[in-house]
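The data block below is input05.cif; it holds mmCIF, C-alpha atoms.
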```cif
data_protein
loop_
_atom_site.label_atom_id
_atom_site.label_comp_id
_atom_site.auth_asym_id
_atom_site.auth_seq_id
_atom_site.Cartn_x
_atom_site.Cartn_y
_atom_site.Cartn_z
CA MET A 22 -19.50 18.01 27.03
CA ASN A 23 -23.09 19.18 26.63
CA LYS A 24 -25.40 18.36 23.72
CA GLU A 25 -24.61 21.52 21.73
CA GLU A 26 -20.84 20.99 21.91
CA VAL A 27 -21.24 17.33 20.95
CA ALA A 28 -23.54 18.35 18.05
CA MET A 29 -20.83 20.70 16.71
CA VAL A 30 -18.40 17.76 16.58
CA GLY A 31 -21.19 15.80 14.89
CA PHE A 32 -21.57 18.40 12.12
CA GLU A 33 -17.80 18.37 11.60
CA ILE A 34 -17.77 14.57 11.28
CA VAL A 35 -20.69 14.64 8.79
CA ALA A 36 -18.80 17.18 6.66
CA TYR A 37 -15.44 15.36 6.63
CA SER A 38 -17.00 11.93 6.10
CA GLY A 39 -19.23 13.25 3.32
CA GLU A 40 -16.16 14.67 1.58
CA ALA A 41 -14.33 11.34 1.92
CA ARG A 42 -17.31 9.37 0.64
CA SER A 43 -17.60 11.56 -2.50
CA LYS A 44 -13.91 11.16 -3.26
CA PHE A 45 -14.09 7.37 -2.85
CA LEU A 46 -17.18 7.05 -5.06
CA ASN A 47 -15.54 9.32 -7.66
CA ALA A 48 -12.45 7.09 -7.58
CA ILE A 49 -14.56 4.04 -8.51
CA ASN A 50 -16.60 5.88 -11.13
CA ASN A 51 -13.46 7.30 -12.69
CA LEU A 52 -12.04 3.82 -13.27
CA LYS A 53 -15.40 2.46 -14.42
CA ASP A 54 -15.62 5.26 -17.00
CA GLY A 55 -12.18 4.48 -18.41
CA GLY A 56 -10.18 7.03 -16.39
CA SER A 57 -6.63 6.32 -15.22
CA MET A 58 -5.63 4.45 -12.07
CA GLU A 59 -3.40 7.44 -11.19
CA GLU A 60 -6.46 9.71 -11.06
CA SER A 61 -8.36 7.18 -8.89
CA GLU A 62 -5.42 6.88 -6.53
CA LYS A 63 -5.24 10.67 -6.20
CA LEU A 64 -8.95 10.78 -5.31
CA ILE A 65 -8.50 8.01 -2.74
CA LYS A 66 -5.61 9.87 -1.08
CA GLU A 67 -7.75 13.01 -0.84
CA GLY A 68 -10.60 10.96 0.62
CA GLU A 69 -8.29 9.37 3.16
CA ALA A 70 -7.11 12.81 4.31
CA SER A 71 -10.72 13.84 5.04
CA LEU A 72 -11.44 10.53 6.75
CA THR A 73 -8.43 11.00 9.02
CA LYS A 74 -9.84 14.35 10.19
CA ALA A 75 -13.23 12.77 10.95
CA HIS A 76 -11.54 9.90 12.77
CA LYS A 77 -9.55 12.33 14.91
CA SER A 78 -12.72 14.04 16.18
CA GLN A 79 -14.26 10.65 16.91
CA THR A 80 -11.24 9.34 18.79
CA GLU A 81 -11.05 12.42 21.00
CA LEU A 82 -14.65 11.97 22.13
CA LEU A 83 -14.31 8.20 22.64
CA ALA A 84 -11.27 8.87 24.84
CA LYS A 85 -13.20 11.47 26.84
CA GLU A 86 -16.09 9.07 27.48
CA ALA A 87 -13.71 6.22 28.31
CA SER A 88 -11.99 8.47 30.88
CA GLY A 89 -15.33 9.06 32.61
CA GLU A 90 -16.41 12.41 31.14
CA ASN A 91 -20.12 12.67 30.33
CA ILE A 92 -20.81 13.02 26.59
CA GLU A 93 -24.40 14.08 25.92
CA LEU A 94 -25.34 12.35 22.69
CA GLY A 95 -27.81 13.89 20.27
CA PHE A 96 -29.17 12.80 16.92
CA ILE A 97 -26.76 14.92 14.84
CA PHE A 98 -23.77 13.32 16.52
CA VAL A 99 -25.19 9.81 16.00
CA HIS A 100 -25.82 10.75 12.36
CA GLY A 101 -22.17 11.81 12.04
CA GLN A 102 -21.04 8.46 13.41
CA ASP A 103 -23.15 6.61 10.84
CA HIS A 104 -21.61 8.69 8.06
CA LEU A 105 -18.12 8.01 9.33
CA MET A 106 -18.52 4.29 9.89
CA THR A 107 -20.27 3.54 6.57
CA THR A 108 -17.52 5.51 4.78
CA VAL A 109 -14.86 3.43 6.55
CA MET A 110 -16.67 0.33 5.26
CA LEU A 111 -16.79 1.80 1.75
CA LYS A 112 -13.01 2.27 1.93
CA ASP A 113 -12.54 -1.44 2.74
CA ILE A 114 -14.67 -2.51 -0.23
CA LEU A 115 -13.29 0.14 -2.59
CA GLN A 116 -10.00 -1.62 -3.23
CA HIS A 117 -11.82 -4.72 -4.41
CA LEU A 118 -14.13 -2.82 -6.75
CA LEU A 119 -11.11 -1.04 -8.25
CA ASN A 120 -9.28 -4.35 -8.60
CA ILE A 121 -12.20 -5.96 -10.37
CA TYR A 122 -12.71 -3.07 -12.78
CA ARG A 123 -8.98 -3.12 -13.52
CA ASN A 124 -8.95 -6.86 -14.18
CA GLU A 125 -11.81 -6.45 -16.65
CA GLU A 126 -9.89 -4.11 -18.90
CA MET B 19 -40.17 14.48 21.44
CA ASN B 20 -39.94 11.91 24.23
CA LYS B 21 -38.26 8.49 24.02
CA GLU B 22 -41.46 6.61 23.13
CA GLU B 23 -42.33 8.93 20.23
CA VAL B 24 -38.76 8.77 18.95
CA ALA B 25 -38.82 4.95 19.25
CA MET B 26 -41.96 4.81 17.07
CA VAL B 27 -40.09 6.72 14.33
CA GLY B 28 -37.20 4.29 14.87
CA PHE B 29 -39.44 1.26 14.25
CA GLU B 30 -40.77 2.92 11.08
CA ILE B 31 -37.23 3.55 9.81
CA VAL B 32 -36.18 -0.07 10.56
CA ALA B 33 -39.18 -1.33 8.57
CA TYR B 34 -38.71 0.91 5.51
CA SER B 35 -34.93 0.42 5.43
CA GLY B 36 -35.30 -3.33 5.82
CA GLU B 37 -37.68 -3.38 2.86
CA ALA B 38 -35.25 -1.32 0.77
CA ARG B 39 -32.32 -3.55 1.71
CA SER B 40 -34.17 -6.73 0.67
CA LYS B 41 -35.12 -5.23 -2.68
CA PHE B 42 -31.54 -4.12 -3.35
CA LEU B 43 -30.08 -7.51 -2.42
CA ASN B 44 -32.72 -9.23 -4.57
CA ALA B 45 -31.76 -6.96 -7.47
CA ILE B 46 -28.13 -8.14 -7.28
CA ASN B 47 -29.05 -11.80 -6.78
CA ASN B 48 -31.49 -11.67 -9.69
CA LEU B 49 -28.74 -10.54 -12.08
CA LYS B 50 -26.23 -12.99 -10.61
CA ASP B 51 -28.68 -15.84 -11.20
CA GLY B 52 -29.17 -14.91 -14.85
CA GLY B 53 -32.31 -12.76 -14.45
CA SER B 54 -32.98 -9.72 -16.62
CA MET B 55 -31.67 -6.20 -16.03
CA GLU B 56 -35.28 -4.97 -16.34
CA GLU B 57 -36.30 -7.07 -13.34
CA SER B 58 -33.32 -5.80 -11.32
CA GLU B 59 -34.16 -2.20 -12.22
CA LYS B 60 -37.75 -2.73 -11.11
CA LEU B 61 -36.53 -4.06 -7.75
CA ILE B 62 -34.17 -1.12 -7.33
CA LYS B 63 -36.98 1.37 -8.00
CA GLU B 64 -39.13 -0.34 -5.37
CA GLY B 65 -36.22 -0.26 -2.91
CA GLU B 66 -35.64 3.43 -3.60
CA ALA B 67 -39.30 4.20 -2.86
CA SER B 68 -38.98 2.56 0.59
CA LEU B 69 -35.67 4.32 1.22
CA THR B 70 -37.25 7.68 0.44
CA LYS B 71 -39.87 7.07 3.12
CA ALA B 72 -37.20 6.19 5.69
CA HIS B 73 -35.16 9.25 4.70
CA LYS B 74 -38.19 11.51 5.14
CA SER B 75 -38.67 10.39 8.77
CA GLN B 76 -34.97 10.91 9.42
CA THR B 77 -34.89 14.40 7.90
CA GLU B 78 -37.87 15.56 9.93
CA LEU B 79 -36.17 14.59 13.17
CA LEU B 80 -32.80 16.05 12.17
CA ALA B 81 -34.58 19.35 11.38
CA LYS B 82 -36.34 19.29 14.76
CA GLU B 83 -33.08 18.79 16.64
CA ALA B 84 -31.30 21.42 14.55
CA SER B 85 -34.08 23.90 15.41
CA GLY B 86 -33.46 23.34 19.11
CA GLU B 87 -36.15 20.76 19.98
CA ASN B 88 -35.03 18.03 22.38
CA ILE B 89 -35.02 14.57 20.75
CA GLU B 90 -34.70 11.80 23.37
CA LEU B 91 -32.67 9.09 21.68
CA GLY B 92 -33.18 5.44 22.52
CA PHE B 93 -31.58 2.25 21.26
CA ILE B 94 -34.37 1.40 18.81
CA PHE B 95 -34.01 4.75 17.11
CA VAL B 96 -30.21 4.38 16.90
CA HIS B 97 -30.77 0.90 15.46
CA GLY B 98 -33.07 2.39 12.82
CA GLN B 99 -30.40 4.88 11.85
CA ASP B 100 -27.85 2.10 11.40
CA HIS B 101 -30.29 0.21 9.17
CA LEU B 102 -30.95 3.31 7.09
CA MET B 103 -27.34 4.42 6.68
CA THR B 104 -25.95 0.98 5.83
CA THR B 105 -28.72 0.56 3.24
CA VAL B 106 -27.78 3.92 1.71
CA MET B 107 -24.23 2.61 1.44
CA LEU B 108 -25.47 -0.62 -0.15
CA LYS B 109 -27.28 1.50 -2.75
CA ASP B 110 -24.01 3.26 -3.66
CA ILE B 111 -22.18 -0.03 -4.13
CA LEU B 112 -25.10 -1.79 -5.83
CA GLN B 113 -24.65 -0.08 -9.18
CA HIS B 114 -21.07 -1.32 -9.38
CA LEU B 115 -21.95 -4.90 -8.48
CA LEU B 116 -24.67 -4.87 -11.17
CA ASN B 117 -22.23 -3.38 -13.67
CA ILE B 118 -19.64 -6.02 -12.96
CA TYR B 119 -22.08 -8.92 -13.21
CA ARG B 120 -23.38 -7.45 -16.47
CA ASN B 121 -19.89 -7.09 -17.94
CA GLU B 122 -19.18 -10.73 -17.14
CA GLU B 123 -22.00 -12.02 -19.30
CA MET C 14 -29.28 -0.52 32.71
CA ASN C 15 -27.03 2.43 33.51
CA LYS C 16 -24.46 3.98 31.17
CA GLU C 17 -21.52 1.95 32.52
CA GLU C 18 -23.30 -1.40 32.11
CA VAL C 19 -24.41 -0.43 28.60
CA ALA C 20 -20.83 0.66 27.76
CA MET C 21 -19.53 -2.77 28.79
CA VAL C 22 -21.91 -4.39 26.30
CA GLY C 23 -20.69 -1.82 23.77
CA PHE C 24 -17.05 -2.83 24.24
CA GLU C 25 -18.04 -6.48 23.82
CA ILE C 26 -19.88 -5.72 20.56
CA VAL C 27 -16.91 -3.70 19.21
CA ALA C 28 -14.60 -6.65 19.94
CA TYR C 29 -16.78 -9.38 18.40
CA SER C 30 -17.69 -7.26 15.36
CA GLY C 31 -14.08 -6.27 14.80
CA GLU C 32 -13.10 -9.93 14.86
CA ALA C 33 -15.84 -10.78 12.33
CA ARG C 34 -14.86 -7.90 10.06
CA SER C 35 -11.21 -9.02 9.96
CA LYS C 36 -12.18 -12.58 9.12
CA PHE C 37 -14.50 -11.41 6.31
CA LEU C 38 -11.88 -9.08 4.81
CA ASN C 39 -9.28 -11.86 5.06
CA ALA C 40 -11.68 -14.19 3.23
CA ILE C 41 -11.89 -11.78 0.29
CA ASN C 42 -8.16 -11.04 0.26
CA ASN C 43 -7.34 -14.74 0.40
CA LEU C 44 -9.33 -15.41 -2.78
CA LYS C 45 -7.99 -12.29 -4.49
CA ASP C 46 -4.43 -13.44 -3.77
CA GLY C 47 -5.04 -16.86 -5.31
CA GLY C 48 -5.90 -18.75 -2.10
CA SER C 49 -8.44 -21.57 -2.04
CA MET C 50 -12.21 -21.19 -1.71
CA GLU C 51 -12.04 -23.71 1.19
CA GLU C 52 -9.78 -21.36 3.14
CA SER C 53 -12.11 -18.40 2.45
CA GLU C 54 -15.14 -20.41 3.55
CA LYS C 55 -13.37 -21.36 6.77
CA LEU C 56 -12.64 -17.68 7.48
CA ILE C 57 -16.26 -16.73 6.77
CA LYS C 58 -17.52 -19.40 9.18
CA GLU C 59 -15.22 -18.06 11.90
CA GLY C 60 -16.42 -14.52 11.19
CA GLU C 61 -20.03 -15.60 11.36
CA ALA C 62 -19.45 -17.18 14.78
CA SER C 63 -18.12 -13.86 16.12
CA LEU C 64 -20.97 -11.95 14.50
CA THR C 65 -23.51 -14.23 16.16
CA LYS C 66 -22.06 -13.37 19.57
CA ALA C 67 -22.27 -9.62 18.82
CA HIS C 68 -25.83 -10.03 17.55
CA LYS C 69 -26.85 -11.84 20.72
CA SER C 70 -25.72 -8.94 22.93
CA GLN C 71 -27.56 -6.51 20.67
CA THR C 72 -30.80 -8.50 20.66
CA GLU C 73 -30.86 -8.78 24.45
CA LEU C 74 -30.65 -5.00 24.82
CA LEU C 75 -33.21 -4.30 22.10
CA ALA C 76 -35.61 -6.67 23.88
CA LYS C 77 -35.00 -4.92 27.20
CA GLU C 78 -35.74 -1.50 25.72
CA ALA C 79 -38.81 -2.81 23.86
CA SER C 80 -40.13 -4.22 27.15
CA GLY C 81 -39.90 -0.77 28.74
CA GLU C 82 -36.57 -0.96 30.57
CA ASN C 83 -34.48 2.21 30.41
CA ILE C 84 -31.21 1.72 28.47
CA GLU C 85 -28.82 4.65 29.01
CA LEU C 86 -26.98 5.03 25.73
CA GLY C 87 -23.42 6.29 25.59
CA PHE C 88 -20.98 6.86 22.74
CA ILE C 89 -19.14 3.58 23.16
CA PHE C 90 -22.35 1.61 22.81
CA VAL C 91 -23.37 3.61 19.71
CA HIS C 92 -19.88 2.97 18.32
CA GLY C 93 -20.38 -0.76 18.89
CA GLN C 94 -23.66 -0.67 16.99
CA ASP C 95 -21.96 1.01 14.03
CA HIS C 96 -19.28 -1.67 14.02
CA LEU C 97 -21.87 -4.42 14.15
CA MET C 98 -24.19 -3.03 11.48
CA THR C 99 -21.47 -2.15 8.96
CA THR C 100 -20.03 -5.65 9.42
CA VAL C 101 -23.47 -7.16 8.73
CA MET C 102 -23.54 -5.13 5.51
CA LEU C 103 -20.03 -6.33 4.62
CA LYS C 104 -21.29 -9.90 5.03
CA ASP C 105 -24.10 -9.25 2.51
CA ILE C 106 -21.68 -7.84 -0.07
CA LEU C 107 -18.95 -10.42 0.65
CA GLN C 108 -20.63 -13.25 -1.23
CA HIS C 109 -20.77 -11.16 -4.39
CA LEU C 110 -17.13 -10.11 -4.19
CA LEU C 111 -16.12 -13.75 -3.72
CA ASN C 112 -18.33 -14.80 -6.62
CA ILE C 113 -16.82 -12.19 -8.90
CA TYR C 114 -13.23 -13.05 -8.01
CA ARG C 115 -14.07 -16.73 -8.58
CA ASN C 116 -15.64 -16.08 -11.97
CA GLU C 117 -12.53 -14.20 -13.06
CA GLU C 118 -10.25 -17.17 -12.58
#
```
Since I need it in another form, could you write the structure as structure tokens?
Amino acid sequence: MNKEEVAMVGFEIVAYSGEARSKFLNAINNLKDGGSMEESEKLIKEGEASLTKAHKSQTELLAKEASGENIELGFIFVHGQDHLMTTVMLKDILQHLLNIYRNEE
Amino acid sequence: MNKEEVAMVGFEIVAYSGEARSKFLNAINNLKDGGSMEESEKLIKEGEASLTKAHKSQTELLAKEASGENIELGFIFVHGQDHLMTTVMLKDILQHLLNIYRNEE
Amino acid sequence: MNKEEVAMVGFEIVAYSGEARSKFLNAINNLKDGGSMEESEKLIKEGEASLTKAHKSQTELLAKEASGENIELGFIFVHGQDHLMTTVMLKDILQHLLNIYRNEE
């Protein structure tokens, strides 16, 4: 895959990860501001659906490189990866922040 | 931009992001250790100023690549991006950690 | 170093960072679920040992690039870096999550 094709996947991953990140942050803010756990859980599910799409694009490219195909990396693709991987980390921490806000009530 | 020029931007981004990250972590530790919210807010403002500088370098390069210019990525630049993007994530979580420590008082 | 050699280091970093990340998340979950602080501290120590190994591989390559050697980056290596750097960020936040769960008891 040449740089332009890889960049297109990069833009896609930025978009899906950005969507997931907003949903996750909204889920925490909702609980912090006295909203219901049901609403937060709905937001998390929506975020997870976007994250799954971003993950799918990533996995396809990793598999291509692992099978020997040349993947020409550019900045936009690397930027997409950073978005995806920091959002995955946010998801891991999210549950604890929700827990703690819930325990405070 | 060749690899050396891109690496110089990478070093700059590592430095600014590292500064921001220290300020943010100090802001949380300050509150945890019984310091004032005013002091933590001052540290956060200083961290945000450094983060803005790192973001500016990043945006310039993203715009160059998007406009078709070839950006030769090296490890140091990729490392800078990881520093920047994880620090952005820390900033998102920071407010909640401060909130929680404040509620505990 | 050519792309294949760099990819091998990338796989190594993914493995060590993934191990560290699991240990850190287990340390938080253990405390959340009423486990002992001793057990969580043991898990953190194990995670830190894995993280040190991942860091070592990273530092060696950064030094090589800084000294002028050409490092041919591929996706797997970039993926390893994302794993490593988000796990380092998790480690910074970890202490606060443990603190907060402990204060709640």
Exercise for the section: Compile the contact shell of A:Ile92 as a PyMOL selection string: residues with an atom at most 10 Å away, counting all atoms listed in the file, same-chain residues fewer than 6 positions apart removed. Expected result: (chain A and resi 22-24+26-27+82-83+85-86) or (chain C and resi 87-88)
Output file for the residues above (C-alpha atoms, as a CSV table (one decimal), keeping the file's coordinate frame):
```
chain,number,residue,atom,x,y,z
A,22,MET,CA,-19.5,18.0,27.0
A,23,ASN,CA,-23.1,19.2,26.6
A,24,LYS,CA,-25.4,18.4,23.7
A,26,GLU,CA,-20.8,21.0,21.9
A,27,VAL,CA,-21.2,17.3,21.0
A,82,LEU,CA,-14.6,12.0,22.1
A,83,LEU,CA,-14.3,8.2,22.6
A,85,LYS,CA,-13.2,11.5,26.8
A,86,GLU,CA,-16.1,9.1,27.5
C,87,GLY,CA,-23.4,6.3,25.6
C,88,PHE,CA,-21.0,6.9,22.7
```
Mind doing a quick least-squares superposition of chain A onto chain C, all C-alpha atoms paired one-to-one in order, and writing it out as a PDB file with C-alpha atoms, keeping the file's coordinate frame?
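What ended up in superposed_4.pdb:
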```pdb
ATOM      1  CA  MET A  22     -29.274  -0.512  32.728  1.00  0.00           C
ATOM      2  CA  ASN A  23     -27.033   2.451  33.511  1.00  0.00           C
ATOM      3  CA  LYS A  24     -24.450   3.983  31.175  1.00  0.00           C
ATOM      4  CA  GLU A  25     -21.504   1.959  32.517  1.00  0.00           C
ATOM      5  CA  GLU A  26     -23.294  -1.381  32.114  1.00  0.00           C
ATOM      6  CA  VAL A  27     -24.428  -0.428  28.609  1.00  0.00           C
ATOM      7  CA  ALA A  28     -20.849   0.671  27.758  1.00  0.00           C
ATOM      8  CA  MET A  29     -19.532  -2.773  28.792  1.00  0.00           C
ATOM      9  CA  VAL A  30     -21.922  -4.393  26.296  1.00  0.00           C
ATOM     10  CA  GLY A  31     -20.710  -1.810  23.778  1.00  0.00           C
ATOM     11  CA  PHE A  32     -17.059  -2.830  24.233  1.00  0.00           C
ATOM     12  CA  GLU A  33     -18.047  -6.482  23.816  1.00  0.00           C
ATOM     13  CA  ILE A  34     -19.896  -5.718  20.569  1.00  0.00           C
ATOM     14  CA  VAL A  35     -16.922  -3.707  19.212  1.00  0.00           C
ATOM     15  CA  ALA A  36     -14.608  -6.651  19.947  1.00  0.00           C
ATOM     16  CA  TYR A  37     -16.797  -9.369  18.391  1.00  0.00           C
ATOM     17  CA  SER A  38     -17.710  -7.268  15.352  1.00  0.00           C
ATOM     18  CA  GLY A  39     -14.083  -6.271  14.813  1.00  0.00           C
ATOM     19  CA  GLU A  40     -13.103  -9.946  14.853  1.00  0.00           C
ATOM     20  CA  ALA A  41     -15.845 -10.785  12.336  1.00  0.00           C
ATOM     21  CA  ARG A  42     -14.878  -7.908  10.058  1.00  0.00           C
ATOM     22  CA  SER A  43     -11.205  -9.021   9.961  1.00  0.00           C
ATOM     23  CA  LYS A  44     -12.186 -12.579   9.105  1.00  0.00           C
ATOM     24  CA  PHE A  45     -14.504 -11.419   6.305  1.00  0.00           C
ATOM     25  CA  LEU A  46     -11.893  -9.081   4.804  1.00  0.00           C
ATOM     26  CA  ASN A  47      -9.282 -11.860   5.049  1.00  0.00           C
ATOM     27  CA  ALA A  48     -11.681 -14.201   3.234  1.00  0.00           C
ATOM     28  CA  ILE A  49     -11.885 -11.787   0.276  1.00  0.00           C
ATOM     29  CA  ASN A  50      -8.162 -11.043   0.245  1.00  0.00           C
ATOM     30  CA  ASN A  51      -7.344 -14.733   0.391  1.00  0.00           C
ATOM     31  CA  LEU A  52      -9.325 -15.412  -2.784  1.00  0.00           C
ATOM     32  CA  LYS A  53      -7.985 -12.286  -4.486  1.00  0.00           C
ATOM     33  CA  ASP A  54      -4.426 -13.449  -3.762  1.00  0.00           C
ATOM     34  CA  GLY A  55      -5.034 -16.867  -5.303  1.00  0.00           C
ATOM     35  CA  GLY A  56      -5.886 -18.759  -2.097  1.00  0.00           C
ATOM     36  CA  SER A  57      -8.442 -21.577  -2.052  1.00  0.00           C
ATOM     37  CA  MET A  58     -12.205 -21.197  -1.708  1.00  0.00           C
ATOM     38  CA  GLU A  59     -12.040 -23.723   1.170  1.00  0.00           C
ATOM     39  CA  GLU A  60      -9.788 -21.361   3.141  1.00  0.00           C
ATOM     40  CA  SER A  61     -12.123 -18.399   2.437  1.00  0.00           C
ATOM     41  CA  GLU A  62     -15.132 -20.412   3.532  1.00  0.00           C
ATOM     42  CA  LYS A  63     -13.372 -21.366   6.772  1.00  0.00           C
ATOM     43  CA  LEU A  64     -12.641 -17.685   7.472  1.00  0.00           C
ATOM     44  CA  ILE A  65     -16.259 -16.746   6.760  1.00  0.00           C
ATOM     45  CA  LYS A  66     -17.540 -19.408   9.177  1.00  0.00           C
ATOM     46  CA  GLU A  67     -15.228 -18.074  11.893  1.00  0.00           C
ATOM     47  CA  GLY A  68     -16.421 -14.536  11.175  1.00  0.00           C
ATOM     48  CA  GLU A  69     -20.044 -15.612  11.353  1.00  0.00           C
ATOM     49  CA  ALA A  70     -19.456 -17.189  14.776  1.00  0.00           C
ATOM     50  CA  SER A  71     -18.137 -13.859  16.119  1.00  0.00           C
ATOM     51  CA  LEU A  72     -20.979 -11.945  14.488  1.00  0.00           C
ATOM     52  CA  THR A  73     -23.524 -14.226  16.147  1.00  0.00           C
ATOM     53  CA  LYS A  74     -22.063 -13.362  19.568  1.00  0.00           C
ATOM     54  CA  ALA A  75     -22.275  -9.624  18.824  1.00  0.00           C
ATOM     55  CA  HIS A  76     -25.831 -10.027  17.559  1.00  0.00           C
ATOM     56  CA  LYS A  77     -26.836 -11.848  20.740  1.00  0.00           C
ATOM     57  CA  SER A  78     -25.711  -8.936  22.940  1.00  0.00           C
ATOM     58  CA  GLN A  79     -27.560  -6.512  20.682  1.00  0.00           C
ATOM     59  CA  THR A  80     -30.789  -8.499  20.677  1.00  0.00           C
ATOM     60  CA  GLU A  81     -30.840  -8.773  24.463  1.00  0.00           C
ATOM     61  CA  LEU A  82     -30.636  -4.999  24.852  1.00  0.00           C
ATOM     62  CA  LEU A  83     -33.208  -4.300  22.116  1.00  0.00           C
ATOM     63  CA  ALA A  84     -35.601  -6.675  23.893  1.00  0.00           C
ATOM     64  CA  LYS A  85     -34.989  -4.921  27.215  1.00  0.00           C
ATOM     65  CA  GLU A  86     -35.740  -1.493  25.729  1.00  0.00           C
ATOM     66  CA  ALA A  87     -38.787  -2.820  23.877  1.00  0.00           C
ATOM     67  CA  SER A  88     -40.118  -4.227  27.175  1.00  0.00           C
ATOM     68  CA  GLY A  89     -39.892  -0.769  28.751  1.00  0.00           C
ATOM     69  CA  GLU A  90     -36.559  -0.949  30.596  1.00  0.00           C
ATOM     70  CA  ASN A  91     -34.463   2.223  30.407  1.00  0.00           C
ATOM     71  CA  ILE A  92     -31.199   1.742  28.483  1.00  0.00           C
ATOM     72  CA  GLU A  93     -28.814   4.656  29.017  1.00  0.00           C
ATOM     73  CA  LEU A  94     -26.983   5.032  25.729  1.00  0.00           C
ATOM     74  CA  GLY A  95     -23.420   6.303  25.585  1.00  0.00           C
ATOM     75  CA  PHE A  96     -20.996   6.889  22.749  1.00  0.00           C
ATOM     76  CA  ILE A  97     -19.138   3.572  23.165  1.00  0.00           C
ATOM     77  CA  PHE A  98     -22.364   1.624  22.810  1.00  0.00           C
ATOM     78  CA  VAL A  99     -23.379   3.616  19.710  1.00  0.00           C
ATOM     79  CA  HIS A 100     -19.889   2.970  18.318  1.00  0.00           C
ATOM     80  CA  GLY A 101     -20.388  -0.766  18.899  1.00  0.00           C
ATOM     81  CA  GLN A 102     -23.664  -0.661  16.993  1.00  0.00           C
ATOM     82  CA  ASP A 103     -21.974   1.018  14.026  1.00  0.00           C
ATOM     83  CA  HIS A 104     -19.295  -1.675  14.013  1.00  0.00           C
ATOM     84  CA  LEU A 105     -21.888  -4.416  14.143  1.00  0.00           C
ATOM     85  CA  MET A 106     -24.202  -3.025  11.493  1.00  0.00           C
ATOM     86  CA  THR A 107     -21.473  -2.146   8.957  1.00  0.00           C
ATOM     87  CA  THR A 108     -20.039  -5.664   9.417  1.00  0.00           C
ATOM     88  CA  VAL A 109     -23.476  -7.168   8.736  1.00  0.00           C
ATOM     89  CA  MET A 110     -23.544  -5.122   5.517  1.00  0.00           C
ATOM     90  CA  LEU A 111     -20.047  -6.329   4.617  1.00  0.00           C
ATOM     91  CA  LYS A 112     -21.293  -9.911   5.018  1.00  0.00           C
ATOM     92  CA  ASP A 113     -24.105  -9.264   2.505  1.00  0.00           C
ATOM     93  CA  ILE A 114     -21.679  -7.859  -0.072  1.00  0.00           C
ATOM     94  CA  LEU A 115     -18.947 -10.417   0.627  1.00  0.00           C
ATOM     95  CA  GLN A 116     -20.617 -13.254  -1.242  1.00  0.00           C
ATOM     96  CA  HIS A 117     -20.765 -11.168  -4.396  1.00  0.00           C
ATOM     97  CA  LEU A 118     -17.123 -10.108  -4.206  1.00  0.00           C
ATOM     98  CA  LEU A 119     -16.110 -13.753  -3.732  1.00  0.00           C
ATOM     99  CA  ASN A 120     -18.319 -14.789  -6.643  1.00  0.00           C
ATOM    100  CA  ILE A 121     -16.808 -12.188  -8.924  1.00  0.00           C
ATOM    101  CA  TYR A 122     -13.223 -13.054  -8.020  1.00  0.00           C
ATOM    102  CA  ARG A 123     -14.041 -16.725  -8.582  1.00  0.00           C
ATOM    103  CA  ASN A 124     -15.601 -16.071 -11.983  1.00  0.00           C
ATOM    104  CA  GLU A 125     -12.478 -14.189 -13.056  1.00  0.00           C
ATOM    105  CA  GLU A 126     -10.194 -17.148 -12.553  1.00  0.00           C
TER     106      GLU A 126
END
```
Residues of chain C within 10 Å of chain A, only C-alpha atoms counted, as a PDB file with C-alpha atoms, in the frame of the given file:
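Wrote it out as iface-v2.pdb, contents follow:
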```pdb
ATOM      1  CA  LYS C  16     -24.460   3.980  31.170  1.00  0.00           C
ATOM      2  CA  GLU C  17     -21.520   1.950  32.520  1.00  0.00           C
ATOM      3  CA  ALA C  20     -20.830   0.660  27.760  1.00  0.00           C
ATOM      4  CA  ARG C  34     -14.860  -7.900  10.060  1.00  0.00           C
ATOM      5  CA  LEU C  38     -11.880  -9.080   4.810  1.00  0.00           C
ATOM      6  CA  ILE C  41     -11.890 -11.780   0.290  1.00  0.00           C
ATOM      7  CA  ASN C  42      -8.160 -11.040   0.260  1.00  0.00           C
ATOM      8  CA  LYS C  45      -7.990 -12.290  -4.490  1.00  0.00           C
ATOM      9  CA  LEU C  86     -26.980   5.030  25.730  1.00  0.00           C
ATOM     10  CA  GLY C  87     -23.420   6.290  25.590  1.00  0.00           C
ATOM     11  CA  PHE C  88     -20.980   6.860  22.740  1.00  0.00           C
ATOM     12  CA  ILE C  89     -19.140   3.580  23.160  1.00  0.00           C
ATOM     13  CA  VAL C  91     -23.370   3.610  19.710  1.00  0.00           C
ATOM     14  CA  HIS C  92     -19.880   2.970  18.320  1.00  0.00           C
ATOM     15  CA  GLN C  94     -23.660  -0.670  16.990  1.00  0.00           C
ATOM     16  CA  ASP C  95     -21.960   1.010  14.030  1.00  0.00           C
ATOM     17  CA  HIS C  96     -19.280  -1.670  14.020  1.00  0.00           C
ATOM     18  CA  MET C  98     -24.190  -3.030  11.480  1.00  0.00           C
ATOM     19  CA  THR C  99     -21.470  -2.150   8.960  1.00  0.00           C
ATOM     20  CA  THR C 100     -20.030  -5.650   9.420  1.00  0.00           C
ATOM     21  CA  MET C 102     -23.540  -5.130   5.510  1.00  0.00           C
ATOM     22  CA  LEU C 103     -20.030  -6.330   4.620  1.00  0.00           C
ATOM     23  CA  ILE C 106     -21.680  -7.840  -0.070  1.00  0.00           C
ATOM     24  CA  LEU C 107     -18.950 -10.420   0.650  1.00  0.00           C
ATOM     25  CA  LEU C 110     -17.130 -10.110  -4.190  1.00  0.00           C
ATOM     26  CA  ILE C 113     -16.820 -12.190  -8.900  1.00  0.00           C
ATOM     27  CA  TYR C 114     -13.230 -13.050  -8.010  1.00  0.00           C
ATOM     28  CA  GLU C 117     -12.530 -14.200 -13.060  1.00  0.00           C
TER      29      GLU C 117
END
```
